[in-house]
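Containing TSV, N, CA and C atoms: model-v3.tsv.
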```tsv
chain	number	residue	atom	x	y	z
A	1	MET	N	-30.89	-38.61	-17.72
A	1	MET	CA	-30.52	-39.71	-16.81
A	1	MET	C	-31.61	-40.79	-16.88
A	2	SER	N	-31.17	-42.01	-17.01
A	2	SER	CA	-32.13	-43.12	-17.10
A	2	SER	C	-32.78	-43.37	-15.74
A	3	ARG	N	-33.90	-44.04	-15.80
A	3	ARG	CA	-34.61	-44.37	-14.57
A	3	ARG	C	-33.82	-45.46	-13.83
A	4	LEU	N	-33.61	-45.25	-12.56
A	4	LEU	CA	-32.83	-46.19	-11.77
A	4	LEU	C	-33.72	-47.20	-11.08
A	5	LYS	N	-33.22	-48.43	-10.98
A	5	LYS	CA	-33.94	-49.46	-10.21
A	5	LYS	C	-33.70	-49.18	-8.72
A	6	ARG	N	-34.61	-49.71	-7.89
A	6	ARG	CA	-34.46	-49.52	-6.44
A	6	ARG	C	-33.08	-49.97	-5.96
A	7	SER	N	-32.62	-51.08	-6.50
A	7	SER	CA	-31.31	-51.60	-6.06
A	7	SER	C	-30.18	-50.62	-6.42
A	8	GLU	N	-30.29	-49.94	-7.57
A	8	GLU	CA	-29.27	-48.97	-7.97
A	8	GLU	C	-29.34	-47.72	-7.09
A	9	ILE	N	-30.55	-47.33	-6.73
A	9	ILE	CA	-30.74	-46.18	-5.84
A	9	ILE	C	-30.08	-46.47	-4.49
A	10	ARG	N	-30.35	-47.66	-3.96
A	10	ARG	CA	-29.77	-48.05	-2.66
A	10	ARG	C	-28.26	-48.16	-2.75
A	11	GLU	N	-27.77	-48.74	-3.83
A	11	GLU	CA	-26.32	-48.90	-3.95
A	11	GLU	C	-25.64	-47.53	-4.02
A	12	GLY	N	-26.25	-46.59	-4.73
A	12	GLY	CA	-25.70	-45.24	-4.76
A	12	GLY	C	-25.67	-44.62	-3.37
A	13	ALA	N	-26.77	-44.78	-2.64
A	13	ALA	CA	-26.84	-44.25	-1.27
A	13	ALA	C	-25.78	-44.93	-0.40
A	14	PHE	N	-25.61	-46.23	-0.58
A	14	PHE	CA	-24.59	-46.98	0.17
A	14	PHE	C	-23.20	-46.39	-0.08
A	15	LEU	N	-22.87	-46.17	-1.36
A	15	LEU	CA	-21.53	-45.67	-1.71
A	15	LEU	C	-21.31	-44.27	-1.13
A	16	ILE	N	-22.33	-43.43	-1.19
A	16	ILE	CA	-22.20	-42.07	-0.65
A	16	ILE	C	-22.06	-42.13	0.87
A	17	LEU	N	-22.94	-42.87	1.54
A	17	LEU	CA	-22.90	-42.95	3.00
A	17	LEU	C	-21.59	-43.56	3.49
A	18	TYR	N	-21.08	-44.54	2.76
A	18	TYR	CA	-19.81	-45.14	3.15
A	18	TYR	C	-18.70	-44.09	3.10
A	19	GLN	N	-18.70	-43.27	2.06
A	19	GLN	CA	-17.69	-42.21	1.94
A	19	GLN	C	-17.81	-41.20	3.08
A	20	THR	N	-19.03	-40.92	3.53
A	20	THR	CA	-19.20	-39.92	4.61
A	20	THR	C	-18.56	-40.39	5.91
A	21	LEU	N	-18.39	-41.70	6.07
A	21	LEU	CA	-17.75	-42.21	7.29
A	21	LEU	C	-16.30	-41.75	7.40
A	22	PHE	N	-15.73	-41.33	6.28
A	22	PHE	CA	-14.33	-40.91	6.26
A	22	PHE	C	-14.20	-39.39	6.17
A	23	GLY	N	-15.30	-38.70	6.53
A	23	GLY	CA	-15.23	-37.25	6.65
A	23	GLY	C	-15.55	-36.48	5.38
A	24	THR	N	-15.99	-37.16	4.34
A	24	THR	CA	-16.36	-36.47	3.11
A	24	THR	C	-17.85	-36.16	3.17
A	25	SER	N	-18.23	-34.94	2.86
A	25	SER	CA	-19.64	-34.59	2.90
A	25	SER	C	-20.34	-35.07	1.63
A	26	PRO	N	-21.65	-35.28	1.70
A	26	PRO	CA	-22.38	-35.67	0.48
A	26	PRO	C	-22.19	-34.67	-0.66
A	27	GLU	N	-22.06	-33.39	-0.32
A	27	GLU	CA	-21.85	-32.36	-1.35
A	27	GLU	C	-20.50	-32.54	-2.03
A	28	GLU	N	-19.46	-32.82	-1.25
A	28	GLU	CA	-18.14	-33.06	-1.83
A	28	GLU	C	-18.16	-34.30	-2.72
A	29	ILE	N	-18.88	-35.32	-2.28
A	29	ILE	CA	-18.98	-36.55	-3.07
A	29	ILE	C	-19.68	-36.24	-4.40
A	30	ASP	N	-20.72	-35.41	-4.36
A	30	ASP	CA	-21.40	-35.00	-5.60
A	30	ASP	C	-20.42	-34.34	-6.57
A	31	GLU	N	-19.56	-33.48	-6.03
A	31	GLU	CA	-18.59	-32.79	-6.89
A	31	GLU	C	-17.57	-33.76	-7.48
A	32	LEU	N	-17.15	-34.72	-6.68
A	32	LEU	CA	-16.14	-35.68	-7.13
A	32	LEU	C	-16.73	-36.78	-8.00
A	33	ASN	N	-18.04	-37.01	-7.88
A	33	ASN	CA	-18.68	-38.17	-8.49
A	33	ASN	C	-18.34	-38.39	-9.96
A	34	PRO	N	-18.46	-37.39	-10.83
A	34	PRO	CA	-18.24	-37.68	-12.26
A	34	PRO	C	-16.87	-38.32	-12.54
A	35	GLU	N	-15.82	-37.84	-11.88
A	35	GLU	CA	-14.49	-38.41	-12.13
A	35	GLU	C	-14.23	-39.65	-11.28
A	36	ALA	N	-14.61	-39.58	-10.01
A	36	ALA	CA	-14.17	-40.61	-9.06
A	36	ALA	C	-15.04	-41.87	-9.08
A	37	PHE	N	-16.36	-41.69	-9.11
A	37	PHE	CA	-17.21	-42.86	-8.90
A	37	PHE	C	-18.00	-43.27	-10.13
A	38	ASP	N	-18.30	-42.32	-10.99
A	38	ASP	CA	-19.16	-42.59	-12.14
A	38	ASP	C	-20.40	-43.37	-11.72
A	39	MET	N	-21.02	-42.87	-10.67
A	39	MET	CA	-22.16	-43.55	-10.09
A	39	MET	C	-23.43	-42.82	-10.49
A	40	GLU	N	-24.41	-43.58	-10.91
A	40	GLU	CA	-25.70	-42.96	-11.21
A	40	GLU	C	-26.45	-42.75	-9.91
A	41	LYS	N	-27.08	-41.59	-9.80
A	41	LYS	CA	-27.90	-41.34	-8.62
A	41	LYS	C	-29.03	-40.41	-9.02
A	42	ASN	N	-30.01	-40.33	-8.15
A	42	ASN	CA	-31.13	-39.44	-8.42
A	42	ASN	C	-31.65	-38.87	-7.10
A	43	GLU	N	-32.78	-38.20	-7.15
A	43	GLU	CA	-33.36	-37.57	-5.96
A	43	GLU	C	-33.64	-38.60	-4.86
A	44	GLN	N	-34.07	-39.81	-5.26
A	44	GLN	CA	-34.35	-40.84	-4.25
A	44	GLN	C	-33.07	-41.26	-3.54
A	45	THR	N	-31.95	-41.30	-4.28
A	45	THR	CA	-30.66	-41.62	-3.66
A	45	THR	C	-30.35	-40.57	-2.60
A	46	ASP	N	-30.49	-39.30	-2.98
A	46	ASP	CA	-30.21	-38.20	-2.05
A	46	ASP	C	-31.14	-38.24	-0.85
A	47	GLU	N	-32.40	-38.62	-1.08
A	47	GLU	CA	-33.38	-38.70	0.00
A	47	GLU	C	-32.95	-39.75	1.05
A	48	ILE	N	-32.48	-40.90	0.59
A	48	ILE	CA	-32.00	-41.94	1.51
A	48	ILE	C	-30.79	-41.43	2.29
A	49	VAL	N	-29.84	-40.81	1.57
A	49	VAL	CA	-28.63	-40.30	2.23
A	49	VAL	C	-29.01	-39.28	3.31
A	50	ARG	N	-29.85	-38.31	2.95
A	50	ARG	CA	-30.27	-37.29	3.92
A	50	ARG	C	-30.99	-37.92	5.11
A	51	GLY	N	-31.89	-38.85	4.83
A	51	GLY	CA	-32.66	-39.49	5.89
A	51	GLY	C	-31.80	-40.26	6.86
A	52	VAL	N	-30.85	-41.02	6.32
A	52	VAL	CA	-29.96	-41.80	7.18
A	52	VAL	C	-29.11	-40.86	8.03
A	53	LEU	N	-28.57	-39.81	7.42
A	53	LEU	CA	-27.74	-38.88	8.18
A	53	LEU	C	-28.55	-38.14	9.24
A	54	GLU	N	-29.79	-37.76	8.91
A	54	GLU	CA	-30.66	-37.07	9.87
A	54	GLU	C	-31.00	-37.94	11.08
A	55	HIS	N	-31.21	-39.22	10.85
A	55	HIS	CA	-31.67	-40.13	11.91
A	55	HIS	C	-30.54	-41.05	12.40
A	56	ASP	N	-29.30	-40.63	12.17
A	56	ASP	CA	-28.14	-41.49	12.42
A	56	ASP	C	-28.11	-42.07	13.83
A	57	GLU	N	-28.24	-41.22	14.84
A	57	GLU	CA	-28.13	-41.71	16.23
A	57	GLU	C	-29.22	-42.72	16.56
A	58	GLU	N	-30.43	-42.39	16.14
A	58	GLU	CA	-31.56	-43.29	16.39
A	58	GLU	C	-31.35	-44.64	15.70
A	59	ILE	N	-30.89	-44.60	14.46
A	59	ILE	CA	-30.65	-45.84	13.70
A	59	ILE	C	-29.53	-46.66	14.35
A	60	LEU	N	-28.48	-45.99	14.80
A	60	LEU	CA	-27.40	-46.70	15.49
A	60	LEU	C	-27.92	-47.36	16.77
A	61	GLY	N	-28.87	-46.71	17.43
A	61	GLY	CA	-29.49	-47.30	18.62
A	61	GLY	C	-30.22	-48.59	18.31
A	62	VAL	N	-30.90	-48.63	17.17
A	62	VAL	CA	-31.59	-49.86	16.74
A	62	VAL	C	-30.56	-50.96	16.48
A	63	ILE	N	-29.48	-50.60	15.79
A	63	ILE	CA	-28.43	-51.59	15.51
A	63	ILE	C	-27.86	-52.12	16.82
A	64	ALA	N	-27.57	-51.23	17.76
A	64	ALA	CA	-27.01	-51.64	19.05
A	64	ALA	C	-27.96	-52.56	19.79
A	65	LYS	N	-29.25	-52.26	19.73
A	65	LYS	CA	-30.26	-53.05	20.45
A	65	LYS	C	-30.31	-54.49	19.94
A	66	TYR	N	-30.18	-54.67	18.63
A	66	TYR	CA	-30.35	-56.01	18.05
A	66	TYR	C	-29.05	-56.74	17.74
A	67	SER	N	-27.93	-56.07	17.86
A	67	SER	CA	-26.65	-56.74	17.63
A	67	SER	C	-26.22	-57.42	18.92
A	68	LYS	N	-26.60	-58.68	19.06
A	68	LYS	CA	-26.35	-59.40	20.31
A	68	LYS	C	-24.90	-59.85	20.43
A	69	THR	N	-24.23	-60.06	19.29
A	69	THR	CA	-22.91	-60.68	19.33
A	69	THR	C	-21.76	-59.69	19.29
A	70	ARG	N	-22.01	-58.46	18.82
A	70	ARG	CA	-20.92	-57.48	18.78
A	70	ARG	C	-21.44	-56.07	18.98
A	71	SER	N	-20.58	-55.26	19.59
A	71	SER	CA	-20.95	-53.86	19.80
A	71	SER	C	-20.90	-53.14	18.45
A	72	VAL	N	-21.61	-52.03	18.36
A	72	VAL	CA	-21.65	-51.27	17.12
A	72	VAL	C	-20.23	-50.92	16.66
A	73	ALA	N	-19.36	-50.58	17.61
A	73	ALA	CA	-17.98	-50.21	17.27
A	73	ALA	C	-17.23	-51.35	16.60
A	74	ARG	N	-17.67	-52.59	16.84
A	74	ARG	CA	-16.97	-53.75	16.27
A	74	ARG	C	-17.60	-54.26	14.98
A	75	ILE	N	-18.68	-53.64	14.54
A	75	ILE	CA	-19.31	-54.05	13.29
A	75	ILE	C	-18.58	-53.35	12.15
A	76	ALA	N	-18.27	-54.10	11.10
A	76	ALA	CA	-17.57	-53.51	9.95
A	76	ALA	C	-18.37	-52.33	9.40
A	77	LYS	N	-17.66	-51.28	9.00
A	77	LYS	CA	-18.31	-50.06	8.51
A	77	LYS	C	-19.23	-50.34	7.32
A	78	VAL	N	-18.82	-51.23	6.46
A	78	VAL	CA	-19.65	-51.61	5.31
A	78	VAL	C	-21.00	-52.11	5.81
A	79	ASN	N	-20.98	-52.97	6.81
A	79	ASN	CA	-22.21	-53.56	7.34
A	79	ASN	C	-23.07	-52.52	8.06
A	80	ILE	N	-22.41	-51.61	8.77
A	80	ILE	CA	-23.14	-50.53	9.45
A	80	ILE	C	-23.94	-49.73	8.42
A	81	VAL	N	-23.31	-49.38	7.31
A	81	VAL	CA	-23.99	-48.57	6.29
A	81	VAL	C	-25.16	-49.35	5.68
A	82	ILE	N	-24.95	-50.62	5.40
A	82	ILE	CA	-26.03	-51.45	4.84
A	82	ILE	C	-27.20	-51.50	5.83
A	83	LEU	N	-26.90	-51.72	7.10
A	83	LEU	CA	-27.94	-51.77	8.13
A	83	LEU	C	-28.67	-50.44	8.26
A	84	LYS	N	-27.91	-49.34	8.21
A	84	LYS	CA	-28.52	-48.02	8.35
A	84	LYS	C	-29.55	-47.76	7.26
A	85	ILE	N	-29.20	-48.10	6.02
A	85	ILE	CA	-30.13	-47.86	4.91
A	85	ILE	C	-31.40	-48.68	5.10
A	86	ALA	N	-31.25	-49.95	5.43
A	86	ALA	CA	-32.42	-50.82	5.59
A	86	ALA	C	-33.30	-50.35	6.75
A	87	ILE	N	-32.69	-50.02	7.88
A	87	ILE	CA	-33.47	-49.58	9.04
A	87	ILE	C	-34.16	-48.25	8.73
A	88	TYR	N	-33.47	-47.36	8.07
A	88	TYR	CA	-34.10	-46.10	7.67
A	88	TYR	C	-35.34	-46.38	6.81
A	89	GLU	N	-35.18	-47.24	5.82
A	89	GLU	CA	-36.31	-47.52	4.93
A	89	GLU	C	-37.45	-48.21	5.68
A	90	MET	N	-37.12	-49.13	6.56
A	90	MET	CA	-38.15	-49.84	7.30
A	90	MET	C	-38.93	-48.89	8.21
A	91	LYS	N	-38.23	-47.95	8.80
A	91	LYS	CA	-38.88	-47.06	9.76
A	91	LYS	C	-39.54	-45.85	9.11
A	92	TYR	N	-38.93	-45.30	8.07
A	92	TYR	CA	-39.38	-44.00	7.56
A	92	TYR	C	-39.94	-44.01	6.13
A	93	SER	N	-39.78	-45.10	5.41
A	93	SER	CA	-40.26	-45.10	4.03
A	93	SER	C	-41.53	-45.93	3.89
A	94	GLU	N	-42.62	-45.25	3.62
A	94	GLU	CA	-43.91	-45.94	3.43
A	94	GLU	C	-43.90	-46.77	2.15
A	95	LYS	N	-43.06	-46.36	1.19
A	95	LYS	CA	-43.07	-47.00	-0.13
A	95	LYS	C	-42.36	-48.35	-0.14
A	96	VAL	N	-41.51	-48.59	0.85
A	96	VAL	CA	-40.68	-49.80	0.83
A	96	VAL	C	-41.18	-50.81	1.87
A	97	PRO	N	-41.68	-51.96	1.41
A	97	PRO	CA	-42.07	-53.00	2.38
A	97	PRO	C	-40.84	-53.47	3.17
A	98	ASN	N	-41.05	-53.82	4.43
A	98	ASN	CA	-39.92	-54.25	5.27
A	98	ASN	C	-39.15	-55.40	4.65
A	99	ALA	N	-39.86	-56.38	4.12
A	99	ALA	CA	-39.18	-57.55	3.53
A	99	ALA	C	-38.31	-57.13	2.36
A	100	ALA	N	-38.75	-56.14	1.60
A	100	ALA	CA	-37.95	-55.66	0.46
A	100	ALA	C	-36.69	-54.96	0.95
A	101	ALA	N	-36.81	-54.16	2.00
A	101	ALA	CA	-35.64	-53.48	2.56
A	101	ALA	C	-34.62	-54.50	3.05
A	102	ILE	N	-35.10	-55.55	3.70
A	102	ILE	CA	-34.21	-56.60	4.20
A	102	ILE	C	-33.55	-57.33	3.03
A	103	ASN	N	-34.34	-57.69	2.03
A	103	ASN	CA	-33.82	-58.40	0.87
A	103	ASN	C	-32.74	-57.57	0.16
A	104	GLU	N	-33.00	-56.29	-0.02
A	104	GLU	CA	-32.01	-55.41	-0.68
A	104	GLU	C	-30.73	-55.31	0.16
A	105	ALA	N	-30.88	-55.24	1.48
A	105	ALA	CA	-29.71	-55.18	2.37
A	105	ALA	C	-28.87	-56.44	2.23
A	106	VAL	N	-29.54	-57.58	2.17
A	106	VAL	CA	-28.83	-58.85	2.01
A	106	VAL	C	-28.11	-58.89	0.66
A	107	GLU	N	-28.75	-58.38	-0.38
A	107	GLU	CA	-28.10	-58.33	-1.71
A	107	GLU	C	-26.87	-57.42	-1.68
A	108	LEU	N	-26.98	-56.26	-1.04
A	108	LEU	CA	-25.80	-55.38	-0.90
A	108	LEU	C	-24.70	-56.09	-0.12
A	109	ALA	N	-25.09	-56.80	0.95
A	109	ALA	CA	-24.11	-57.52	1.76
A	109	ALA	C	-23.40	-58.59	0.94
A	110	LYS	N	-24.16	-59.29	0.09
A	110	LYS	CA	-23.54	-60.32	-0.75
A	110	LYS	C	-22.49	-59.71	-1.66
A	111	LYS	N	-22.72	-58.48	-2.09
A	111	LYS	CA	-21.80	-57.82	-3.02
A	111	LYS	C	-20.60	-57.19	-2.30
A	112	TYR	N	-20.83	-56.62	-1.10
A	112	TYR	CA	-19.78	-55.81	-0.46
A	112	TYR	C	-19.24	-56.36	0.84
A	113	SER	N	-19.88	-57.37	1.43
A	113	SER	CA	-19.46	-57.86	2.74
A	113	SER	C	-18.93	-59.28	2.65
A	114	LEU	N	-18.48	-59.76	3.79
A	114	LEU	CA	-18.08	-61.16	3.90
A	114	LEU	C	-19.33	-62.03	3.92
A	115	LYS	N	-19.19	-63.25	3.49
A	115	LYS	CA	-20.34	-64.15	3.44
A	115	LYS	C	-21.01	-64.30	4.82
A	116	SER	N	-20.20	-64.42	5.86
A	116	SER	CA	-20.74	-64.61	7.21
A	116	SER	C	-21.53	-63.38	7.68
A	117	ASP	N	-21.21	-62.21	7.15
A	117	ASP	CA	-21.91	-60.99	7.57
A	117	ASP	C	-23.32	-60.93	7.02
A	118	THR	N	-23.59	-61.62	5.95
A	118	THR	CA	-24.92	-61.59	5.35
A	118	THR	C	-25.97	-62.08	6.34
A	119	SER	N	-25.70	-63.19	7.02
A	119	SER	CA	-26.68	-63.72	7.97
A	119	SER	C	-26.77	-62.83	9.22
A	120	PHE	N	-25.66	-62.20	9.60
A	120	PHE	CA	-25.65	-61.25	10.72
A	120	PHE	C	-26.60	-60.08	10.42
A	121	ILE	N	-26.47	-59.51	9.22
A	121	ILE	CA	-27.32	-58.39	8.79
A	121	ILE	C	-28.77	-58.83	8.73
A	122	ASN	N	-29.00	-59.97	8.13
A	122	ASN	CA	-30.36	-60.51	8.01
A	122	ASN	C	-30.99	-60.70	9.39
A	123	GLY	N	-30.22	-61.22	10.34
A	123	GLY	CA	-30.73	-61.46	11.70
A	123	GLY	C	-31.14	-60.18	12.40
A	124	ILE	N	-30.30	-59.16	12.33
A	124	ILE	CA	-30.63	-57.88	12.97
A	124	ILE	C	-31.90	-57.30	12.35
A	125	LEU	N	-31.96	-57.30	11.02
A	125	LEU	CA	-33.10	-56.68	10.34
A	125	LEU	C	-34.39	-57.46	10.58
A	126	ASN	N	-34.32	-58.77	10.61
A	126	ASN	CA	-35.53	-59.56	10.89
A	126	ASN	C	-36.02	-59.33	12.32
A	127	SER	N	-35.10	-59.21	13.27
A	127	SER	CA	-35.50	-58.91	14.65
A	127	SER	C	-36.18	-57.55	14.72
A	128	TYR	N	-35.62	-56.57	14.02
A	128	TYR	CA	-36.21	-55.24	14.01
A	128	TYR	C	-37.59	-55.26	13.32
A	129	MET	N	-37.71	-56.03	12.26
A	129	MET	CA	-39.00	-56.13	11.56
A	129	MET	C	-40.07	-56.70	12.50
A	130	ARG	N	-39.70	-57.71	13.30
A	130	ARG	CA	-40.66	-58.27	14.26
A	130	ARG	C	-41.14	-57.20	15.24
A	131	GLU	N	-40.21	-56.38	15.73
A	131	GLU	CA	-40.59	-55.30	16.65
A	131	GLU	C	-41.55	-54.33	15.96
A	132	LEU	N	-41.25	-53.94	14.74
A	132	LEU	CA	-42.12	-53.01	14.02
A	132	LEU	C	-43.52	-53.60	13.82
A	133	GLU	N	-43.55	-54.88	13.48
A	133	GLU	CA	-44.86	-55.55	13.25
A	133	GLU	C	-45.65	-55.66	14.55
A	134	GLU	N	-44.97	-55.95	15.65
A	134	GLU	CA	-45.65	-56.01	16.95
A	134	GLU	C	-46.20	-54.63	17.32
A	135	ASN	N	-45.41	-53.58	17.08
A	135	ASN	CA	-45.87	-52.21	17.39
A	135	ASN	C	-47.08	-51.84	16.53
A	136	ASN	N	-47.06	-52.23	15.26
A	136	ASN	CA	-48.19	-51.94	14.37
A	136	ASN	C	-49.43	-52.71	14.78
A	137	ALA	N	-49.25	-53.93	15.26
A	137	ALA	CA	-50.38	-54.77	15.68
A	137	ALA	C	-51.06	-54.18	16.92
A	138	GLU	N	-50.27	-53.50	17.76
A	138	GLU	CA	-50.81	-52.90	18.98
A	138	GLU	C	-51.64	-51.66	18.70
A	139	ARG	N	-51.44	-51.04	17.54
A	139	ARG	CA	-52.16	-49.80	17.23
A	139	ARG	C	-53.59	-50.06	16.83
```
Before anything else, please render the file you have as structure tokens.
Amino acid sequence: MSRLKRSEIREGAFLILYQTLFGTSPEEIDELNPEAFDMEKNEQTDEIVRGVLEHDEEILGVIAKYSKTRSVARIAKVNIVILKIAIYEMKYSEKVPNAAAINEAVELAKKYSLKSDTSFINGILNSYMRELEENNAER
């Protein structure tokens, strides 16, 4: 398997997490992958998927806190998954700078979401980044 770029790792995690919203487990997706998705993935992809699923409630709480214009239930599922990956990386991944997580989320949104959703995603993530930076400054 070739070495994957960060964007490919995230996109793989996005596709898997999106499928889990419809009741398919990551293991089932792995089994179906060769025929159904032909998606490249690696251990880092699985790490993001596991991390997002493990911290799902907490991550949804962050989304709810910063989504001023719509409740979590009214946010498109595609956007929820994009936000979850970015928030997970911002909070739990030492390797990913916050700005990079936001930039990658915006790139995923440009590919999979409506144009208007890109700025919505960017706004939530930038607000969350400010909170993280303020918390780090207090330490």
First collect every listed atom of region 66-85 of chain A; then fit an axis-aligned box around them, widen it by 4 Å on each side, and give centre and edge lengths in Å to one decimal, as JSON.
```
{"center_x": -24.2, "center_y": -54.2, "center_z": 12.6, "size_x": 22.4, "size_y": 20.9, "size_z": 23.6}
```
Using only C-alpha atoms, the residue out of A:Ser71, A:Asn136, A:Thr45, A:Ser116 with shortest distance to Glu89 (chain A) is A:Thr45
Need the shell around Asn103 (chain A): protein/DNA/RNA residues with any atom at most 8 Å away, counting all atoms listed in the file. Skip same-chain ones fewer than 6 positions apart. Format as a ChimeraX atom specification?
/A:86,97,109,122
Which of these, A:Leu53, A:Ile48, A:Ile124, A:Ile102, has the shortest distance to Ile9 (chain A) once you count only C-alpha atoms?
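Looking only at the distances to Ile9 (chain A), the closest residue turns out to be A:Ile48.
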Could you tell me how far atom N of Leu132 (chain A) sits from CA of Tyr18 (chain A), in Å to one decimal place?
25.9 Å
Could you check which of A:Leu125, A:Val52, A:Arg3, A:Leu32 is closest to Ala64 (chain A), using only C-alpha atoms?
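Using only C-alpha atoms, Ala64 (chain A) sits closest to A:Leu125.
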